[in-house]
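Undergrad: I am sharing start-v9.txt, which consists of compact mmCIF, C-alpha atoms:
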```txt
# COMPACT_ATOMS: atom_id res chain seq x y z
CA MET T 1 -57.09 129.26 -56.95
CA LEU T 2 -54.16 131.27 -58.26
CA ASP T 3 -50.61 129.93 -58.22
CA ILE T 4 -48.76 131.70 -55.40
CA LYS T 5 -45.42 130.71 -56.94
CA TYR T 6 -46.31 132.65 -60.10
CA ILE T 7 -47.41 135.65 -58.04
CA ARG T 8 -44.14 135.64 -56.08
CA GLN T 9 -42.09 135.50 -59.29
CA GLU T 10 -44.19 137.91 -61.38
CA PRO T 11 -46.00 140.29 -59.00
CA ASP T 12 -46.30 143.16 -61.50
CA ALA T 13 -47.66 140.89 -64.23
CA ALA T 14 -50.09 139.37 -61.73
CA LYS T 15 -51.33 142.84 -60.76
CA GLU T 16 -51.85 143.81 -64.39
CA ARG T 17 -53.70 140.61 -65.21
CA LEU T 18 -55.83 140.87 -62.08
CA ALA T 19 -56.71 144.47 -62.95
CA ALA T 20 -57.96 143.18 -66.32
CA ARG T 21 -60.48 141.11 -64.33
CA GLY T 22 -61.74 144.26 -62.61
CA GLU T 23 -59.88 143.69 -59.34
CA GLU T 24 -57.53 146.06 -57.53
CA GLY T 25 -53.85 145.26 -58.04
CA SER T 26 -53.26 146.13 -54.39
CA ARG T 27 -54.84 142.81 -53.50
CA ILE T 28 -51.67 141.16 -54.83
CA ASP T 29 -49.59 143.28 -52.45
CA GLU T 30 -51.85 142.25 -49.59
CA LEU T 31 -51.58 138.59 -50.59
CA LEU T 32 -47.79 138.72 -50.81
CA ALA T 33 -47.55 140.42 -47.41
CA LEU T 34 -49.63 137.65 -45.84
CA ASP T 35 -47.58 135.04 -47.68
CA GLU T 36 -44.33 136.54 -46.37
CA GLN T 37 -45.73 136.76 -42.85
CA ARG T 38 -46.86 133.14 -42.71
CA ARG T 39 -43.61 131.84 -44.21
CA ALA T 40 -41.58 133.86 -41.67
CA LEU T 41 -43.68 132.47 -38.84
CA VAL T 42 -43.12 128.92 -40.09
CA THR T 43 -39.36 129.48 -40.24
CA GLU T 44 -39.24 131.03 -36.77
CA ALA T 45 -41.38 128.28 -35.26
CA GLU T 46 -39.26 125.55 -36.84
CA THR T 47 -36.06 127.18 -35.57
CA LEU T 48 -37.40 127.43 -32.03
CA GLN T 49 -38.71 123.85 -32.18
CA ALA T 50 -35.28 122.62 -33.26
CA THR T 51 -33.72 124.51 -30.33
CA ARG T 52 -36.34 123.03 -27.97
CA ASN T 53 -35.56 119.52 -29.21
CA ALA T 54 -31.84 120.06 -28.68
CA VAL T 55 -32.42 121.37 -25.14
CA SER T 56 -34.67 118.38 -24.38
CA LYS T 57 -31.83 116.04 -25.31
CA GLU T 58 -29.53 117.92 -22.94
CA ILE T 59 -31.94 117.30 -20.06
CA GLY T 60 -31.47 113.54 -20.28
CA ALA T 61 -27.69 113.89 -20.30
CA LEU T 62 -27.72 116.24 -17.30
CA MET T 63 -29.99 113.91 -15.34
CA GLY T 64 -27.62 111.04 -16.10
CA GLN T 65 -24.74 113.11 -14.75
CA GLY T 66 -26.67 113.90 -11.59
CA LYS T 67 -26.93 117.59 -12.44
CA LYS T 68 -30.55 117.85 -11.36
CA GLU T 69 -30.58 121.64 -10.81
CA GLU T 70 -29.22 122.32 -14.29
CA ALA T 71 -31.70 119.80 -15.73
CA GLU T 72 -34.60 121.60 -14.04
CA ALA T 73 -33.41 124.91 -15.53
CA LYS T 74 -33.38 123.29 -18.94
CA LYS T 75 -36.92 122.00 -18.39
CA THR T 76 -38.04 125.55 -17.67
CA GLU T 77 -36.30 126.66 -20.85
CA THR T 78 -38.07 123.97 -22.92
CA ARG T 79 -41.45 125.03 -21.49
CA GLU T 80 -40.78 128.64 -22.41
CA LEU T 81 -39.64 127.62 -25.89
CA GLY T 82 -42.75 125.44 -26.21
CA ASN T 83 -44.97 128.36 -25.27
CA LYS T 84 -43.27 130.53 -27.88
CA VAL T 85 -43.71 127.82 -30.53
CA ASP T 86 -47.40 127.48 -29.62
CA SER T 87 -47.83 131.26 -29.91
CA LEU T 88 -46.08 131.30 -33.30
CA ASN T 89 -48.22 128.40 -34.53
CA ALA T 90 -51.35 130.27 -33.47
CA GLN T 91 -50.15 133.36 -35.33
CA ARG T 92 -49.34 131.22 -38.35
CA ALA T 93 -52.81 129.66 -38.31
CA GLU T 94 -54.34 133.15 -38.25
CA ALA T 95 -52.09 134.27 -41.12
CA ASP T 96 -52.89 131.10 -43.06
CA GLY T 97 -56.60 131.74 -42.61
CA ALA T 98 -56.32 135.32 -43.84
CA PHE T 99 -54.14 134.20 -46.76
CA ASN T 100 -56.57 131.45 -47.78
CA ASP T 101 -59.60 133.73 -47.48
CA LEU T 102 -57.94 136.26 -49.75
CA ILE T 103 -56.59 133.91 -52.39
CA LEU T 104 -59.92 132.07 -52.60
CA SER T 105 -61.64 135.39 -53.31
CA LEU T 106 -59.39 136.24 -56.29
CA PRO T 107 -60.66 135.32 -59.78
CA ASN T 108 -58.70 133.38 -62.33
CA LEU T 109 -56.36 135.29 -64.64
CA ALA T 110 -57.35 135.61 -68.29
CA HIS T 111 -55.59 133.75 -71.09
CA GLU T 112 -53.53 135.96 -73.39
CA SER T 113 -56.03 135.50 -76.25
CA VAL T 114 -58.90 137.01 -74.21
CA PRO T 115 -59.79 140.62 -75.08
CA VAL T 116 -59.23 143.03 -72.20
CA GLY T 117 -62.19 145.14 -71.12
CA ASP T 118 -65.78 144.96 -69.95
CA GLU T 119 -68.81 143.47 -71.71
CA SER T 120 -68.41 145.91 -74.60
CA ALA T 121 -65.09 144.23 -75.47
CA ASN T 122 -66.71 140.82 -76.11
CA ALA T 123 -65.81 139.62 -79.60
CA GLU T 124 -68.27 137.96 -81.97
CA VAL T 125 -66.34 135.07 -83.50
CA LYS T 126 -69.05 133.18 -85.37
CA VAL T 127 -72.64 133.52 -86.60
CA GLU T 128 -74.42 130.37 -87.78
CA GLY T 129 -77.61 130.02 -89.75
CA LYS T 130 -80.15 132.67 -90.68
CA LYS T 131 -82.71 134.38 -88.53
CA PRO T 132 -86.12 132.82 -89.22
CA THR T 133 -88.68 134.79 -91.18
CA PHE T 134 -92.44 134.33 -91.02
CA ASP T 135 -95.31 135.06 -93.42
CA PHE T 136 -97.59 135.51 -90.42
CA ASN T 137 -97.45 137.44 -87.17
CA PRO T 138 -95.29 135.20 -84.89
CA LYS T 139 -96.05 134.77 -81.20
CA GLY T 140 -93.69 135.04 -78.26
CA HIS T 141 -93.11 132.09 -75.96
CA LEU T 142 -95.60 133.33 -73.37
CA ASP T 143 -98.47 133.26 -75.86
CA LEU T 144 -97.33 129.94 -77.31
CA CYS T 145 -97.09 128.37 -73.87
CA ASP T 146 -100.57 129.61 -73.00
CA SER T 147 -102.25 128.61 -76.25
CA LEU T 148 -100.65 125.15 -76.35
CA LYS T 149 -100.75 124.65 -72.56
CA LEU T 150 -97.02 123.94 -72.44
CA ILE T 151 -96.31 125.70 -69.14
CA ASP T 152 -98.59 126.76 -66.30
CA PHE T 153 -96.76 129.82 -65.01
CA GLU T 154 -99.33 130.72 -62.36
CA ARG T 155 -99.43 127.29 -60.75
CA GLY T 156 -95.63 127.07 -60.85
CA ALA T 157 -95.50 130.31 -58.89
CA LYS T 158 -98.21 129.05 -56.55
CA LEU T 159 -96.17 125.96 -55.77
CA ALA T 160 -92.73 127.52 -55.26
CA GLY T 161 -92.92 131.27 -55.84
CA SER T 162 -91.90 133.43 -58.78
CA GLY T 163 -89.16 132.11 -61.01
CA PHE T 164 -90.28 128.46 -60.90
CA LEU T 165 -91.95 126.67 -63.81
CA LEU T 166 -94.60 123.97 -64.09
CA TYR T 167 -94.25 122.20 -67.44
CA THR T 168 -97.48 120.48 -68.54
CA GLY T 169 -98.57 118.16 -71.34
CA TRP T 170 -96.55 118.64 -74.50
CA GLY T 171 -94.33 121.14 -72.67
CA ALA T 172 -93.26 118.52 -70.12
CA ARG T 173 -92.73 115.98 -72.89
CA LEU T 174 -90.67 118.43 -74.97
CA GLU T 175 -88.45 119.28 -71.98
CA ARG T 176 -87.87 115.59 -71.26
CA ALA T 177 -87.22 114.85 -74.94
CA MET T 178 -84.60 117.58 -75.19
CA ILE T 179 -82.79 116.31 -72.10
CA GLN T 180 -82.66 112.78 -73.51
CA PHE T 181 -81.58 114.06 -76.94
CA LEU T 182 -78.73 116.11 -75.45
CA LEU T 183 -77.47 113.23 -73.32
CA ASP T 184 -77.58 110.78 -76.22
CA LEU T 185 -75.82 113.22 -78.54
CA HIS T 186 -72.93 113.89 -76.18
CA ILE T 187 -72.59 110.27 -75.07
CA HIS T 188 -72.89 108.45 -78.38
CA GLU T 189 -71.49 111.01 -80.83
CA HIS T 190 -69.10 113.10 -78.73
CA GLY T 191 -67.67 110.41 -76.48
CA TYR T 192 -68.62 111.67 -73.01
CA THR T 193 -69.31 109.33 -70.09
CA GLU T 194 -72.70 109.94 -68.50
CA VAL T 195 -72.91 110.41 -64.75
CA SER T 196 -75.95 111.17 -62.63
CA PRO T 197 -74.71 113.23 -59.67
CA PRO T 198 -76.35 114.29 -56.41
CA PHE T 199 -78.26 117.55 -56.70
CA ILE T 200 -76.96 118.62 -53.28
CA VAL T 201 -73.24 119.09 -52.61
CA LYS T 202 -71.01 119.95 -49.69
CA ALA T 203 -69.81 123.52 -49.29
CA GLU T 204 -66.23 122.49 -50.17
CA CYS T 205 -67.43 121.34 -53.61
CA MET T 206 -68.87 124.80 -54.24
CA GLU T 207 -65.55 126.26 -53.12
CA GLY T 208 -63.70 123.87 -55.40
CA VAL T 209 -65.34 125.12 -58.60
CA GLY T 210 -65.13 128.77 -57.52
CA GLN T 211 -68.81 129.27 -56.68
CA PHE T 212 -67.80 130.08 -53.10
CA PRO T 213 -67.03 132.47 -51.58
CA LYS T 214 -67.86 134.72 -54.58
CA PHE T 215 -71.46 133.59 -55.11
CA LEU T 216 -72.46 132.47 -51.64
CA ASP T 217 -75.31 135.00 -51.68
CA GLN T 218 -76.80 133.35 -54.79
CA ALA T 219 -76.96 129.81 -53.41
CA TYR T 220 -79.77 127.79 -51.85
CA ALA T 221 -78.48 126.42 -48.53
CA VAL T 222 -79.99 123.18 -47.21
CA GLN T 223 -80.94 122.34 -43.63
CA GLU T 224 -81.53 118.78 -42.47
CA GLY T 225 -84.93 118.77 -40.83
CA LEU T 226 -84.93 120.89 -37.70
CA ASP T 227 -81.18 120.68 -37.14
CA GLY T 228 -80.05 124.28 -37.59
CA GLU T 229 -76.39 123.31 -37.22
CA THR T 230 -76.52 121.60 -40.63
CA LEU T 231 -77.58 124.77 -42.44
CA GLY T 232 -74.83 125.91 -44.78
CA LYS T 233 -72.97 122.60 -44.92
CA ARG T 234 -74.75 121.51 -48.10
CA TYR T 235 -76.25 123.41 -51.02
CA LEU T 236 -78.55 122.82 -53.97
CA ILE T 237 -76.35 122.81 -57.06
CA PRO T 238 -76.35 125.86 -59.37
CA THR T 239 -75.10 123.59 -62.18
CA ALA T 240 -73.88 120.00 -62.51
CA GLU T 241 -70.39 121.47 -62.75
CA ALA T 242 -70.36 121.66 -58.94
CA PRO T 243 -70.55 117.88 -58.32
CA VAL T 244 -69.04 116.58 -61.58
CA ALA T 245 -65.91 118.75 -61.67
CA ASN T 246 -65.27 117.62 -58.08
CA LEU T 247 -65.38 113.91 -58.92
CA HIS T 248 -61.60 113.68 -58.63
CA ARG T 249 -61.01 116.14 -55.79
CA ASP T 250 -58.17 115.02 -53.49
CA GLU T 251 -57.16 112.38 -56.06
CA ILE T 252 -54.02 111.69 -58.06
CA LEU T 253 -54.92 110.31 -61.49
CA ASN T 254 -52.59 108.47 -63.82
CA GLU T 255 -51.64 110.35 -66.98
CA GLU T 256 -53.02 107.57 -69.20
CA GLU T 257 -56.47 108.12 -67.66
CA LEU T 258 -56.68 111.56 -69.25
CA PRO T 259 -58.68 113.04 -70.79
CA LYS T 260 -61.72 112.43 -68.62
CA LYS T 261 -64.96 113.49 -70.33
CA TYR T 262 -68.19 113.58 -68.34
CA CYS T 263 -71.75 114.49 -69.24
CA ALA T 264 -74.53 115.01 -66.72
CA TYR T 265 -78.12 116.19 -66.57
CA SER T 266 -79.29 118.13 -63.54
CA PRO T 267 -81.77 120.75 -62.48
CA CYS T 268 -79.98 123.99 -61.58
CA PHE T 269 -80.95 126.16 -58.62
CA ARG T 270 -79.94 129.82 -58.46
CA ALA T 271 -81.27 132.13 -55.79
CA GLU T 272 -79.75 135.23 -57.44
CA ALA T 273 -79.70 137.62 -54.51
CA GLY T 274 -81.38 140.87 -55.41
CA ALA T 275 -83.53 139.17 -58.05
CA ALA T 276 -86.79 140.44 -56.58
CA GLY T 277 -87.85 141.43 -60.08
CA VAL T 278 -87.99 137.84 -61.38
CA ALA T 279 -91.34 137.72 -63.13
CA THR T 280 -94.14 135.31 -62.28
CA ARG T 281 -94.45 134.60 -65.99
CA GLY T 282 -91.66 133.92 -68.46
CA MET T 283 -88.70 131.60 -68.92
CA ILE T 284 -85.78 133.94 -69.53
CA ARG T 285 -84.76 134.35 -65.89
CA VAL T 286 -85.79 131.62 -63.47
CA HIS T 287 -84.59 130.13 -60.20
CA GLN T 288 -84.73 126.51 -61.39
CA PHE T 289 -83.96 125.19 -64.86
CA ASP T 290 -82.68 122.02 -66.50
CA LYS T 291 -79.24 121.70 -68.04
CA VAL T 292 -76.93 119.11 -69.53
CA GLU T 293 -73.36 119.87 -68.46
CA LEU T 294 -70.05 118.85 -70.04
CA ILE T 295 -66.86 118.46 -67.97
CA LYS T 296 -63.34 117.59 -69.07
CA VAL T 297 -60.20 116.88 -67.05
CA VAL T 298 -57.25 117.05 -69.45
CA LYS T 299 -53.48 117.44 -69.68
CA PRO T 300 -52.44 121.12 -69.73
CA GLU T 301 -50.90 120.95 -73.19
CA THR T 302 -54.24 119.88 -74.70
CA GLY T 303 -56.45 122.26 -72.69
CA TYR T 304 -57.20 124.77 -75.43
CA ASP T 305 -57.67 122.18 -78.19
CA GLU T 306 -60.16 120.48 -75.88
CA LEU T 307 -61.90 123.83 -75.33
CA GLU T 308 -62.48 124.24 -79.07
CA ALA T 309 -63.77 120.66 -79.27
CA MET T 310 -66.18 121.26 -76.38
CA LEU T 311 -67.45 124.42 -78.07
CA ALA T 312 -68.13 122.43 -81.24
CA ASN T 313 -70.00 119.81 -79.18
CA ALA T 314 -72.31 122.47 -77.73
CA GLU T 315 -72.81 124.15 -81.12
CA LYS T 316 -73.85 120.83 -82.65
CA VAL T 317 -76.99 120.90 -80.51
CA LEU T 318 -78.22 124.13 -82.08
CA GLN T 319 -77.19 123.08 -85.57
CA LEU T 320 -79.21 119.85 -85.34
CA LEU T 321 -82.24 121.73 -84.01
CA GLY T 322 -82.12 124.26 -86.87
CA LEU T 323 -81.58 127.30 -84.65
CA HIS T 324 -79.76 130.52 -85.53
CA TYR T 325 -77.00 131.41 -83.07
CA ARG T 326 -73.77 133.29 -82.54
CA VAL T 327 -70.57 132.61 -80.58
CA LEU T 328 -68.89 135.29 -78.46
CA LEU T 329 -65.39 135.29 -77.00
CA LEU T 330 -65.89 136.93 -73.62
CA SER T 331 -63.67 139.74 -72.43
CA SER T 332 -61.53 139.61 -69.30
CA GLY T 333 -64.09 141.64 -67.37
CA ASP T 334 -67.13 139.60 -68.43
CA MET T 335 -65.91 136.06 -67.83
CA GLY T 336 -66.98 133.88 -64.96
CA PHE T 337 -64.93 133.87 -61.77
CA ALA T 338 -63.05 130.61 -62.41
CA ALA T 339 -62.55 130.94 -66.18
CA ALA T 340 -59.31 131.68 -68.01
CA LYS T 341 -61.12 131.74 -71.37
CA THR T 342 -64.82 131.52 -72.17
CA TYR T 343 -66.99 131.26 -75.24
CA ASP T 344 -70.69 132.07 -74.90
CA ILE T 345 -73.22 130.64 -77.33
CA GLU T 346 -76.29 132.79 -77.79
CA VAL T 347 -79.34 131.44 -79.62
CA TRP T 348 -81.78 133.68 -81.47
CA ALA T 349 -85.30 133.94 -80.05
CA PRO T 350 -87.50 135.63 -82.67
CA GLY T 351 -90.33 136.33 -80.26
CA GLN T 352 -87.91 138.23 -78.03
CA GLY T 353 -86.09 139.86 -80.94
CA SER T 354 -82.82 139.10 -79.19
CA TYR T 355 -80.13 136.51 -78.54
CA LEU T 356 -80.32 134.39 -75.39
CA GLU T 357 -77.29 132.77 -73.77
CA VAL T 358 -77.69 128.99 -73.72
CA SER T 359 -74.09 127.90 -73.18
CA SER T 360 -70.83 129.06 -71.65
CA VAL T 361 -67.80 126.93 -72.48
CA SER T 362 -64.71 127.61 -70.39
CA ASN T 363 -61.20 126.42 -69.66
CA THR T 364 -60.34 127.13 -66.03
CA GLU T 365 -56.77 125.90 -66.63
CA ASP T 366 -55.42 124.67 -63.25
CA PHE T 367 -57.48 127.16 -61.19
CA GLN T 368 -60.15 124.66 -60.11
CA ALA T 369 -57.73 121.73 -59.94
CA ARG T 370 -55.60 123.62 -57.41
CA ARG T 371 -58.66 124.39 -55.26
CA MET T 372 -59.78 120.75 -55.40
CA LYS T 373 -56.30 119.24 -55.09
CA THR T 374 -56.88 117.23 -58.26
CA ARG T 375 -53.59 116.05 -59.78
CA PHE T 376 -52.20 113.51 -62.20
CA LYS T 377 -48.96 111.54 -62.12
CA ALA T 378 -46.97 112.40 -65.23
CA GLU T 379 -45.08 109.66 -67.08
CA GLN T 380 -41.86 111.66 -66.63
CA GLY T 381 -42.45 111.61 -62.88
CA GLY T 382 -43.95 114.10 -60.49
CA ASN T 383 -47.52 115.22 -59.95
CA GLN T 384 -49.07 117.90 -62.15
CA LEU T 385 -52.29 119.88 -62.13
CA PRO T 386 -54.69 119.17 -65.01
CA HIS T 387 -56.81 121.69 -66.86
CA ILE T 388 -60.51 121.41 -65.99
CA LEU T 389 -63.07 122.54 -68.57
CA ASN T 390 -66.80 123.01 -68.26
CA GLY T 391 -69.55 123.80 -70.71
CA SER T 392 -73.32 123.90 -70.94
CA GLY T 393 -74.40 121.34 -73.45
CA VAL T 394 -76.89 123.13 -73.19
CA ALA T 395 -79.22 124.99 -70.80
CA LEU T 396 -82.84 124.09 -71.46
CA ALA T 397 -85.21 126.91 -70.48
CA ARG T 398 -83.89 129.39 -73.02
CA LEU T 399 -83.38 126.64 -75.61
CA PHE T 400 -87.06 125.79 -75.10
CA VAL T 401 -87.96 129.45 -75.77
CA SER T 402 -85.90 129.63 -78.96
CA LEU T 403 -87.14 126.29 -80.27
CA ILE T 404 -90.86 126.97 -79.94
CA GLU T 405 -90.55 130.55 -81.19
CA THR T 406 -88.38 129.55 -84.17
CA HIS T 407 -90.42 126.53 -85.26
CA GLN T 408 -93.94 127.90 -84.71
CA GLN T 409 -96.34 127.52 -87.64
CA ALA T 410 -99.07 129.74 -89.03
CA ASP T 411 -101.81 127.49 -87.57
CA GLY T 412 -100.35 127.87 -84.06
CA SER T 413 -98.63 124.48 -83.96
CA ILE T 414 -94.92 123.84 -83.34
CA ALA T 415 -92.92 121.87 -85.90
CA ILE T 416 -90.56 119.45 -84.16
CA PRO T 417 -86.99 119.24 -85.56
CA GLU T 418 -86.22 115.79 -86.95
CA PRO T 419 -83.68 114.77 -84.24
CA LEU T 420 -86.33 115.25 -81.52
CA GLN T 421 -89.13 113.40 -83.32
CA PRO T 422 -88.17 109.89 -82.10
CA TYR T 423 -88.23 111.13 -78.50
CA LEU T 424 -91.57 112.92 -78.80
CA ARG T 425 -93.06 110.36 -81.24
CA THR T 426 -94.49 113.18 -83.34
CA ASP T 427 -93.38 115.74 -85.90
CA CYS T 428 -95.41 118.57 -84.38
CA ILE T 429 -97.10 119.85 -81.26
CA PRO T 430 -100.65 120.39 -82.49
CA ALA T 431 -102.51 123.66 -82.08
```
Would you put the structure from the file into structure tokens?
TA:
Amino acid sequence: MLDIKYIRQEPDAAKERLAARGEEGSRIDELLALDEQRRALVTEAETLQATRNAVSKEIGALMGQGKKEEAEAKKTETRELGNKVDSLNAQRAEADGAFNDLILSLPNLAHESVPVGDESANAEVKVEGKKPTFDFNPKGHLDLCDSLKLIDFERGAKLAGSGFLLYTGWGARLERAMIQFLLDLHIHEHGYTEVSPPFIVKAECMEGVGQFPKFLDQAYAVQEGLDGETLGKRYLIPTAEAPVANLHRDEILNEEELPKKYCAYSPCFRAEAGAAGVATRGMIRVHQFDKVELIKVVKPETGYDELEAMLANAEKVLQLLGLHYRVLLLSSGDMGFAAAKTYDIEVWAPGQGSYLEVSSVSNTEDFQARRMKTRFKAEQGGNQLPHILNGSGVALARLFVSLIETHQQADGSIAIPEPLQPYLRTDCIPA
């Protein structure tokens, strides 16, 4: 959530920065008008309440003096003042609701280092490794999955519909091995604390990370049995960011507790409204996939150093697996809703002849912390908002595609990168 104090002080700058996110600057004017209205209503209600309290005190004095008629007149006055206060409070509640609805719908403002523009303004900041070459005709992941019986696309669709995968045999083992490898890497080498969160969260957790209200139409809502009143109170998580970033919602941490570094595996569920074209076969765009997520809660002055460190943690995965990739700095118009700055990591998939996004690493600054009411008590005194960072470390379905396409062999087998061999107990998936 944006800082209303900043918007009051720098409305023109706020409009310009919001426009860079593809939003109308007039929304700032609307927000400020609602802010002024609700503050005026608070002031007026408090003034009338103070007057009502003073009149109430007079009633006791008048009764003590035997001036019953005057006391009754004052009672009538207090009732009228009370009615006016109630009316003002109702108006304030309505203004507060409109204000909150609007400010929750506004995206974060981009950091000054972020290029302004749409997707075409994304900047390539790094390319690592070389694209693999083959002395045979390489297969795409669909053919590899079929020939090696790694994924049964048809039965996955039969069980849950298009966009859901059924890993089988070596495919299921490879998926599990990669999850364990990623967790061990980030825990033992990068210093994250593993958590295993619920895969269903309350609606306020989705609001806290900025998924709601923006992406409400892309979420899977849960109903408890036949109780229709529970529908929409809880949701399947689109990423472990939703539960893990909310771990300290409504809490005040001590400064010495920071930074907090969490790592979590979860399946991710994304309805993607309008995604009727999701294919029955393929792994590039699916409704459920596995991911290992990284979350940091840090002091504001270290936020961007921690972002670079998190990016390096995610890159290490691809380096160890021998995969070619590139890093993009996303433009203001292409970043996620809650992000102030985002790097995307895209891995090369030779069978697709294209890069596939496997990680987004973002600093949301205090945007999420403000929505969640997560604070820390500074040593100098006073409560401050931390920066909250999130990153995929990494997403599995597309990593799976890149790995099997990159490491396929002429005989149809898949060579297993050395770091995964202890988990799979083999150096290849045989043809």
Undergrad: Tell me which protein, DNA and RNA residues are within 9 Å of range 172-186 of chain T, counting only C-alpha atoms, leaving out same-chain ones fewer than 6 positions away, and put them as JSON, numbers by chain.
TA: {"T": [150, 151, 166, 192, 193, 194, 263, 264, 265, 290, 291, 292, 294, 313, 314, 316, 317, 393, 394, 396, 397, 400, 419, 420, 421, 422, 423, 424]}
Undergrad: For the atom pair CA of Arg234 in chain T and CA of Val222 in chain T, what is the interatomic distance in Å to one decimal place?
TA: 5.6 Å
Undergrad: Extract, using only C-alpha atoms, all DNA, RNA and protein residues at most 10 Å from Ser113 in chain T, discarding same-chain residues fewer than 6 positions from it, and format them as a list in words.
TA: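 In the requested format, the answer is Leu329, Ser331, Ser332, Ala340 and Lys341 of chain T.
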Undergrad: I'd like the interatomic distance between CA of Arg249 in chain T and CA of Leu106 in chain T, to a tenth of an Å.
TA: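 Going from CA of Arg249 in chain T over to CA of Leu106 in chain T, I get 20.2 Å.
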Undergrad: T:Met310, T:Leu385, T:Leu109, T:Val297: which is nearest Gly336 in chain T, counting all atoms listed in the file?
TA: T:Leu109
Undergrad: Can you list, as a ChimeraX atom specification, every protein, DNA or RNA residue that comes within 12 Å of Ser87 in chain T when you count only C-alpha atoms, leaving out same-chain residues fewer than 2 positions away?
TA: /T:41-42,44-45,48-49,80-85,89-94
Undergrad: Using all atoms listed in the file for the distances, tell me which of T:Pro243, T:Gly140, T:Pro300, T:Gly171 is nearest to Glu207 in chain T.
TA: T:Pro243
Undergrad: So which one's closest to Val286 in chain T, T:Gln319, T:Ser196, T:Thr239, T:Ser162? Using all atoms listed in the file, please.
TA: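 Among the listed residues, T:Ser162 lies closest to Val286 in chain T.
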Undergrad: Rounded to one decimal, what separation in Å do you get between CA of Asp305 in chain T and CA of Gly382 in chain T?
TA: 23.8 Å
